[in-house]
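Q: The structure is given below, and queries will be raised subsequently.
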2 protein chains.
Amino acid sequence: VTRVVAGIDIGGSKVLAVVLDERRDVVASVRLPTSIGAEGVVRSGAEALRQLAQQIDVRAEDFTVVGVGVPGLVEVGSGHVSHAVNLGVGGALALGPELSRRLGVPVVVENDVKAAALGAAQLLGLEDADLAFLSIGTGLAAGLVTGGQVRRGARGAAGEIGHVSIDPEGPVCRCGQRGCLETFASGTAIAAAWPALNGEPPAASLFAAAAAGDARAVRVRDTFADHVASAVRLLVLTCDVEVVVLGGGVTNVGSALLDCVVLALQRQAATSPFLATLNLPGRVTVVPVGSAMGAVGAALSGLAAFTSGDTARRRSDDGDRPA
Amino acid sequence: VTRVVAGIDIGGSKVLAVVLDERRDVVASVRLPTSIGAEGVVRSGAEALRQLAQQIDVRAEDFTVVGVGVPGLVEVGSGHVSHAVNLGVGGALALGPELSRRLGVPVVVENDVKAAALGAAQLLGLEDADLAFLSIGTGLAAGLVTGGQVRRGARGAAGEIGHVSIDPEGPVCRCGQRGCLETFASGTAIAAAWPALNGEPPAASLFAAAAAGDARAVRVRDTFADHVASAVRLLVLTCDVEVVVLGGGVTNVGSALLDCVVLALQRQAATSPFLATLNLPGRVTVVPVGSAMGAVGAALSGLAAFTSGDTARRRSDDGDRPA
């Protein structure tokens with residue numbers, strides 16, 4: 001019997017689902033817009049998985065296991081998700097059990113950044129390295145992979161570096177603290193400092209203007225890069241991961257982001273012999289634009305949990321269905 | 001044959017050596033003043049271990065393994081130490097090979113804070129918890145224990161949170177950066193804000209004055225506690241360890257330190273529902289005053305390396321002896 005492992009990354013605007021073969025290569029993929037809200041999210045996920053099954057000529061119930069990556073707080077054991085604000089899900093959603101019921105397959109749910117960290121390790125051939133995947137999107141968070149496994153920590157908060165305060169005089173963060181790293185190093189921070197004029201993503205507009213020599217754009221871009229560099233430094237000074245992989249929506253601007261962050265790390269190292277010994281510029285990299293590491297990582301999360309016998313199946317006591 | 005495991009913690013002022021029995025309890029201990037400088041450090045360590053052996057009626061060469069904890073950058077594989085400024089050792093010191101040669105036993109060297117983290121886990125009965133040991137002494141650093149093992153990271157920098165900047169306008173740090181956590185949350189920071197008048201340790205003087213109602217002392221103490229709380233928060237937001245154990249010289253002030261840090265964590269949680277979900281006040285504790293976790297942890301480091309066959313023995317190619 002062949003294993004058919006599917007992974008699905010459910011984001012605020014799109015759902016991306018993939019099938020991995022035995023060698024963990026992507027052999028099929030489906031992309032759909034996300035319907036927002038609890039029922040919409042479950043429906044979008046189920047629909048993407050049905051189309052995916054069709055594409056490879058199997059039924060959805062033939063998937064050995066489905067791994068799901070979603071933003072928000074995930075209780076991996078039960079497959080429940082909460083605080084998935086980007087998906088229009090305020091309360092708790094029994095995403096794992098509900099998808100499992102509709103499709104008739106074991107479903108494993110993981111936080112999207114943690115799943116993407118596994119995917120990045122695989123796609124970059126870094127399965128044996130300790131790495132941090134730094135997701136720079138609407139918010140800022142990291143996924144840690146050590147010894148080939150995602151580190152969750154005592155309460156799933158491992159990698160929540162977006163809410164480390166780096167400036168007591170900084171802006172108030174949505175979390176209630178002041179000067180959180182996320183208020184400086186995120187897509188939201190770019191949008192605030194460089195509002196898009198023509199519907200273009202603010203990060204793309206900023207990097208284009210800076211490349212064209214606009215002095216203010218250069219300043220905003222370099223300040224942003226300094227703060228991404230601070231996040232890289234923070235990850236090394238706490239966990240000392242071997243590699244920090246930049247990812248998330250802002251990395252769609254392409255190689256210029258990595259160039260700027262490396263320069264910022266070099267500037268910072270020049271002021272501190274201690275930092276210089278850490279060789280941070282040599283330890284940061286970026287995911288290729290358009291890579292499917294979220295969905296691939298979700299599939300790998302599912303596979304890992306399935307192999308260890310730890311999948312969330314349908315529960316008869318589940319009273320927490322989406323409305 | 002009985003295993004006799006010794007551990008030795010070499011600090012800037014004193015050397016503490018212990019012997020553990022099979023149940024990992026301390027059955028003998030020796031305390032000596034440290035002689036500073038490369039040769040002094042080796043001599044102090046060897047002398048403490050000889051006295052320790054005498055105390056339990058064995059010869060030094062009967063120790064199964066000796067674990068050594070020292071400040072500075074440790075290359076665990078070779079037993080070499082560098083940057084041990086507190087010990088008057090500026091360059092590299094082949095501490096492991098040299099002690100091994102003089103005593104005729106396998107020697108394992110570990111950074112003192114990382115060793116103490118292992119010792120704290122054992123002494124507090126937290127061997128199964130992921131924990132951080134936060135050493136608040138002259139400097140500020142953490143030792144991480146996950147899955148019962150010390151996390152070193154790619155370059156031994158895991159836990160070096162003292163050099164995370166939390167204020168771009170803060171004081172210049174000895175590392176060359178500005179506003180490092182260490183400049184706010186360390187014995188050195190207390191001494192700067194509250195110089196000792198009568199030879200008393202500044203932390204003891206500060207906490208006594210604050211307890212007696214001195215308004216300025218209360219302010220300095222609470223600001224200090226706020227920054228220790230920031231270090232606790234940082235450790236949870238990056239690694240999400242289950243428990244943070246406060247240790248280091250400043251904890252000699254007794255239970256008042258933990259009380260103040262818990263209050264600071266409660267104040268911070270009151271401003272942020274996100275922080276409140278992490279239950280930081282319930283996850284911080286302190287080592288008992290006078291506990292020997294540095295030496296115990298060094299012994300455990302030695303035992304762990306010995307069991308895995310990874311001890312630093314004498315090397316014929318060692319050209320890096322102390323002068």
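Ordering of the structure tokens sets the chain letters (A, B, ...); residue numbers start at 1 within each chain; ligands are numbered from 1 in the order shown.
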With only C-alpha atoms as the counted atoms, please give the residues lying no more than 12 Å from Gly72 in chain B, apart from itself and same-chain residues fewer than 5 positions off, as a PyMOL selection string.

A: chain B and resi 10-12+79-93+95+109-114+139+141+156-157+160

Q: Write out as CSV a residue-level contact list of chain B versus chain A with cut-off 7 Å: for each qualifying residue the closest pair of atoms and the distance in Å to one decimal, counting only C-alpha atoms, rows sorted by chain and residue number upward.

A:
residue,atom,partner,partner_atom,distance
B:Gly153,CA,A:Asp240,CA,4.6
B:Ala154,CA,A:Glu242,CA,5.1
B:Arg155,CA,A:Asp240,CA,6.8
B:Ala157,CA,A:Asp240,CA,5.5
B:Ala158,CA,A:Asp240,CA,4.6
B:Gly159,CA,A:Thr238,CA,4.6
B:Glu160,CA,A:Leu237,CA,5.0
B:Ile161,CA,A:Leu237,CA,5.6
B:Val164,CA,A:Leu234,CA,6.2
B:Ser165,CA,A:Ile166,CA,6.5
B:Ile166,CA,A:Ile166,CA,4.1
B:Asp167,CA,A:Asp167,CA,4.7
B:Pro168,CA,A:Asp167,CA,6.4
B:Cys175,CA,A:Phe274,CA,5.7
B:Gly176,CA,A:Ser272,CA,4.4
B:Gln177,CA,A:Ser272,CA,6.1
B:Leu234,CA,A:Val164,CA,6.2
B:Val236,CA,A:Ala158,CA,6.9
B:Leu237,CA,A:Glu160,CA,5.0
B:Thr238,CA,A:Gly159,CA,4.7
B:Cys239,CA,A:Ala158,CA,4.6
B:Asp240,CA,A:Gly153,CA,4.6
B:Val241,CA,A:Gly153,CA,5.9
B:Glu242,CA,A:Ala154,CA,5.1
B:Thr271,CA,A:Gly176,CA,5.7
B:Ser272,CA,A:Gly176,CA,4.4
B:Pro273,CA,A:Cys175,CA,6.9
B:Phe274,CA,A:Cys175,CA,5.7

Q: Could you write out the selected residues, including N, CA and C atoms, as an mmCIF file, in the first residue's frame?

A:
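Result went into out_4.cif, see below:
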data_model
loop_
_atom_site.group_PDB
_atom_site.id
_atom_site.type_symbol
_atom_site.label_atom_id
_atom_site.label_comp_id
_atom_site.auth_asym_id
_atom_site.auth_seq_id
_atom_site.Cartn_x
_atom_site.Cartn_y
_atom_site.Cartn_z
ATOM 1 N N GLY B 153 23.634 24.823 21.202
ATOM 2 C CA GLY B 153 23.426 25.569 19.971
ATOM 3 C C GLY B 153 24.616 25.429 19.049
ATOM 4 N N ALA B 154 24.522 26.069 17.891
ATOM 5 C CA ALA B 154 25.520 25.898 16.844
ATOM 6 C C ALA B 154 26.917 26.314 17.293
ATOM 7 N N ARG B 155 27.012 27.370 18.109
ATOM 8 C CA ARG B 155 28.331 27.872 18.525
ATOM 9 C C ARG B 155 28.419 28.093 20.031
ATOM 10 N N ALA B 157 26.327 29.539 21.864
ATOM 11 C CA ALA B 157 25.772 30.836 22.266
ATOM 12 C C ALA B 157 24.338 30.741 22.774
ATOM 13 N N ALA B 158 23.757 29.548 22.793
ATOM 14 C CA ALA B 158 22.376 29.422 23.283
ATOM 15 C C ALA B 158 22.302 29.954 24.707
ATOM 16 N N GLY B 159 21.307 30.795 24.972
ATOM 17 C CA GLY B 159 21.115 31.345 26.312
ATOM 18 C C GLY B 159 21.844 32.648 26.580
ATOM 19 N N GLU B 160 22.546 33.183 25.589
ATOM 20 C CA GLU B 160 23.315 34.432 25.808
ATOM 21 C C GLU B 160 22.406 35.653 25.726
ATOM 22 N N ILE B 161 21.319 35.615 26.491
ATOM 23 C CA ILE B 161 20.304 36.665 26.392
ATOM 24 C C ILE B 161 20.758 37.987 26.996
ATOM 25 N N VAL B 164 20.994 40.670 24.326
ATOM 26 C CA VAL B 164 19.849 41.113 23.527
ATOM 27 C C VAL B 164 19.568 42.557 23.937
ATOM 28 N N SER B 165 19.533 43.443 22.950
ATOM 29 C CA SER B 165 19.259 44.847 23.262
ATOM 30 C C SER B 165 17.765 45.050 23.468
ATOM 31 N N ILE B 166 17.400 45.718 24.551
ATOM 32 C CA ILE B 166 15.988 45.993 24.810
ATOM 33 C C ILE B 166 15.697 47.484 24.832
ATOM 34 N N ASP B 167 16.718 48.295 24.530
ATOM 35 C CA ASP B 167 16.502 49.740 24.526
ATOM 36 C C ASP B 167 17.571 50.412 23.677
ATOM 37 N N PRO B 168 17.180 50.957 22.516
ATOM 38 C CA PRO B 168 18.169 51.572 21.615
ATOM 39 C C PRO B 168 18.849 52.788 22.241
ATOM 40 N N CYS B 175 29.938 44.632 25.441
ATOM 41 C CA CYS B 175 29.994 43.862 24.192
ATOM 42 C C CYS B 175 30.010 44.775 22.976
ATOM 43 N N GLY B 176 29.795 46.085 23.180
ATOM 44 C CA GLY B 176 29.814 47.024 22.068
ATOM 45 C C GLY B 176 28.436 47.456 21.599
ATOM 46 N N GLN B 177 27.412 46.714 21.989
ATOM 47 C CA GLN B 177 26.058 47.119 21.644
ATOM 48 C C GLN B 177 25.537 48.124 22.678
ATOM 49 N N LEU B 234 11.388 37.062 27.874
ATOM 50 C CA LEU B 234 12.165 36.779 26.663
ATOM 51 C C LEU B 234 12.421 35.278 26.514
ATOM 52 N N VAL B 236 10.659 32.816 27.647
ATOM 53 C CA VAL B 236 9.432 32.089 27.319
ATOM 54 C C VAL B 236 8.994 32.390 25.880
ATOM 55 N N LEU B 237 9.127 33.645 25.445
ATOM 56 C CA LEU B 237 8.678 34.003 24.096
ATOM 57 C C LEU B 237 9.600 33.442 23.015
ATOM 58 N N THR B 238 10.789 33.015 23.372
ATOM 59 C CA THR B 238 11.661 32.424 22.362
ATOM 60 C C THR B 238 11.647 30.901 22.471
ATOM 61 N N CYS B 239 11.878 30.367 23.660
ATOM 62 C CA CYS B 239 12.023 28.913 23.825
ATOM 63 C C CYS B 239 10.807 28.273 24.483
ATOM 64 N N ASP B 240 9.972 29.072 25.126
ATOM 65 C CA ASP B 240 8.808 28.566 25.862
ATOM 66 C C ASP B 240 9.191 27.431 26.805
ATOM 67 N N VAL B 241 10.256 27.649 27.563
ATOM 68 C CA VAL B 241 10.591 26.694 28.626
ATOM 69 C C VAL B 241 9.481 26.723 29.665
ATOM 70 N N GLU B 242 9.295 25.584 30.324
ATOM 71 C CA GLU B 242 8.198 25.475 31.288
ATOM 72 C C GLU B 242 8.490 26.299 32.553
ATOM 73 N N THR B 271 -1.237 44.436 31.584
ATOM 74 C CA THR B 271 -1.351 45.340 30.434
ATOM 75 C C THR B 271 -1.521 44.574 29.135
ATOM 76 N N SER B 272 -1.441 43.230 29.177
ATOM 77 C CA SER B 272 -1.441 42.458 27.932
ATOM 78 C C SER B 272 -2.137 41.108 28.116
ATOM 79 N N PRO B 273 -3.338 40.971 27.534
ATOM 80 C CA PRO B 273 -4.047 39.683 27.609
ATOM 81 C C PRO B 273 -3.178 38.554 27.050
ATOM 82 N N PHE B 274 -2.376 38.876 26.024
ATOM 83 C CA PHE B 274 -1.484 37.868 25.438
ATOM 84 C C PHE B 274 -0.496 37.353 26.472
#

Q: Tell me, which residues of range 148-305 of chain B carry DSSP strand (DSSP E or B), written as a VMD selection string?

A: chain B and resid 149 to 151 165 172 178 180 243 to 247 284 to 286

Q: Please produce a file of those selected residues containing N, CA, C and O atoms, as a PDB file, in the first residue's frame.

A:
ATOM      1  N   GLN B 149      18.730  17.627  28.659  1.00  0.00           N
ATOM      2  CA  GLN B 149      20.080  17.946  28.181  1.00  0.00           C
ATOM      3  C   GLN B 149      20.299  19.442  28.041  1.00  0.00           C
ATOM      4  O   GLN B 149      19.376  20.188  27.718  1.00  0.00           O
ATOM      5  N   VAL B 150      21.538  19.845  28.252  1.00  0.00           N
ATOM      6  CA  VAL B 150      21.893  21.241  28.038  1.00  0.00           C
ATOM      7  C   VAL B 150      21.853  21.542  26.548  1.00  0.00           C
ATOM      8  O   VAL B 150      22.373  20.779  25.734  1.00  0.00           O
ATOM      9  N   ARG B 151      21.190  22.659  26.197  1.00  0.00           N
ATOM     10  CA  ARG B 151      21.245  23.088  24.806  1.00  0.00           C
ATOM     11  C   ARG B 151      22.436  24.024  24.635  1.00  0.00           C
ATOM     12  O   ARG B 151      22.555  25.031  25.320  1.00  0.00           O
ATOM     13  N   SER B 165      19.533  43.443  22.950  1.00  0.00           N
ATOM     14  CA  SER B 165      19.259  44.847  23.262  1.00  0.00           C
ATOM     15  C   SER B 165      17.765  45.050  23.468  1.00  0.00           C
ATOM     16  O   SER B 165      16.949  44.613  22.660  1.00  0.00           O
ATOM     17  N   VAL B 172      25.800  51.880  26.846  1.00  0.00           N
ATOM     18  CA  VAL B 172      26.691  51.068  26.026  1.00  0.00           C
ATOM     19  C   VAL B 172      27.143  49.876  26.859  1.00  0.00           C
ATOM     20  O   VAL B 172      27.511  50.018  28.025  1.00  0.00           O
ATOM     21  N   ARG B 178      24.317  48.593  22.432  1.00  0.00           N
ATOM     22  CA  ARG B 178      23.700  49.547  23.344  1.00  0.00           C
ATOM     23  C   ARG B 178      22.420  48.940  23.926  1.00  0.00           C
ATOM     24  O   ARG B 178      21.655  48.303  23.213  1.00  0.00           O
ATOM     25  N   CYS B 180      21.855  46.521  26.103  1.00  0.00           N
ATOM     26  CA  CYS B 180      21.743  45.082  26.335  1.00  0.00           C
ATOM     27  C   CYS B 180      21.037  44.813  27.669  1.00  0.00           C
ATOM     28  O   CYS B 180      21.194  45.565  28.631  1.00  0.00           O
ATOM     29  N   VAL B 243       9.748  26.288  32.962  1.00  0.00           N
ATOM     30  CA  VAL B 243      10.130  26.939  34.219  1.00  0.00           C
ATOM     31  C   VAL B 243      11.375  27.794  33.981  1.00  0.00           C
ATOM     32  O   VAL B 243      12.281  27.387  33.254  1.00  0.00           O
ATOM     33  N   VAL B 244      11.398  28.973  34.604  1.00  0.00           N
ATOM     34  CA  VAL B 244      12.617  29.786  34.628  1.00  0.00           C
ATOM     35  C   VAL B 244      13.092  29.849  36.079  1.00  0.00           C
ATOM     36  O   VAL B 244      12.344  30.275  36.962  1.00  0.00           O
ATOM     37  N   VAL B 245      14.310  29.388  36.298  1.00  0.00           N
ATOM     38  CA  VAL B 245      14.891  29.340  37.638  1.00  0.00           C
ATOM     39  C   VAL B 245      15.883  30.491  37.780  1.00  0.00           C
ATOM     40  O   VAL B 245      16.856  30.559  37.031  1.00  0.00           O
ATOM     41  N   LEU B 246      15.640  31.390  38.733  1.00  0.00           N
ATOM     42  CA  LEU B 246      16.580  32.479  38.973  1.00  0.00           C
ATOM     43  C   LEU B 246      17.746  31.975  39.813  1.00  0.00           C
ATOM     44  O   LEU B 246      17.547  31.256  40.792  1.00  0.00           O
ATOM     45  N   GLY B 247      18.950  32.340  39.418  1.00  0.00           N
ATOM     46  CA  GLY B 247      20.132  31.955  40.166  1.00  0.00           C
ATOM     47  C   GLY B 247      21.208  33.015  40.008  1.00  0.00           C
ATOM     48  O   GLY B 247      20.956  34.100  39.486  1.00  0.00           O
ATOM     49  N   VAL B 284       8.064  31.032  37.315  1.00  0.00           N
ATOM     50  CA  VAL B 284       9.391  31.470  37.728  1.00  0.00           C
ATOM     51  C   VAL B 284       9.648  31.011  39.158  1.00  0.00           C
ATOM     52  O   VAL B 284       8.732  30.973  39.980  1.00  0.00           O
ATOM     53  N   THR B 285      10.863  30.618  39.422  1.00  0.00           N
ATOM     54  CA  THR B 285      11.230  30.211  40.785  1.00  0.00           C
ATOM     55  C   THR B 285      12.683  30.612  41.017  1.00  0.00           C
ATOM     56  O   THR B 285      13.299  31.245  40.163  1.00  0.00           O
ATOM     57  N   VAL B 286      13.218  30.279  42.177  1.00  0.00           N
ATOM     58  CA  VAL B 286      14.565  30.709  42.510  1.00  0.00           C
ATOM     59  C   VAL B 286      15.294  29.551  43.190  1.00  0.00           C
ATOM     60  O   VAL B 286      14.651  28.719  43.833  1.00  0.00           O
TER      61      VAL B 286
END

Q: Find the residues near Val262 in chain A: any atom within 9 Å, counting only C-alpha atoms, skip ones fewer than 3 places away on the same chain, and give them as number ranges by chain.

A: A: 225, 229, 257-259, 265-267, 280-282, 284-285

Q: Can you tell me, as a short mmCIF file (atom, residue, chain, number, x, y, z; two decimals) with C-alpha atoms, in the first residue's frame, what residues are no more than 10 Å from Arg59 in chain A when counting only C-alpha atoms, ignoring any on the same chain fewer than 6 positions away?

A:
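Saved to part10.cif:
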data_model
loop_
_atom_site.label_atom_id
_atom_site.label_comp_id
_atom_site.auth_asym_id
_atom_site.auth_seq_id
_atom_site.Cartn_x
_atom_site.Cartn_y
_atom_site.Cartn_z
CA LEU A 49 -8.37 18.42 -0.66
CA ARG A 50 -11.15 16.91 -2.83
CA GLN A 51 -9.76 18.65 -5.93
CA LEU A 52 -6.29 17.48 -4.98
CA ALA A 53 -7.47 13.87 -4.69
CA LEU A 103 -13.15 13.72 4.42
#

Q: From the list A:Ala191, A:Val232, A:Ser44, A:Val296, which residue is nearest Val27 in chain A when using only C-alpha atoms?

A: A:Val296

Q: Could you pull the residues within 9 Å of range 207-215 of chain A, counting only C-alpha atoms, minus those fewer than 4 positions along the same chain, as a list in words?

A: Pro202, Ala203, Arg219, Val220, Arg221, Val253, Ala256 and Leu257 of chain A

Q: Mind pulling up the distance from CA of Val108 in chain B to CA of Val68 in chain B?

A: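 Between CA of Val68 in chain B and CA of Val108 in chain B the gap is 6.1 Å.
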
Q: Run DSSP on the backbone and grab whatever in range 59-167 of chain B lands in alpha helix (DSSP H); send it over as a PyMOL selection string.

A: chain B and resi 95-103+112-123
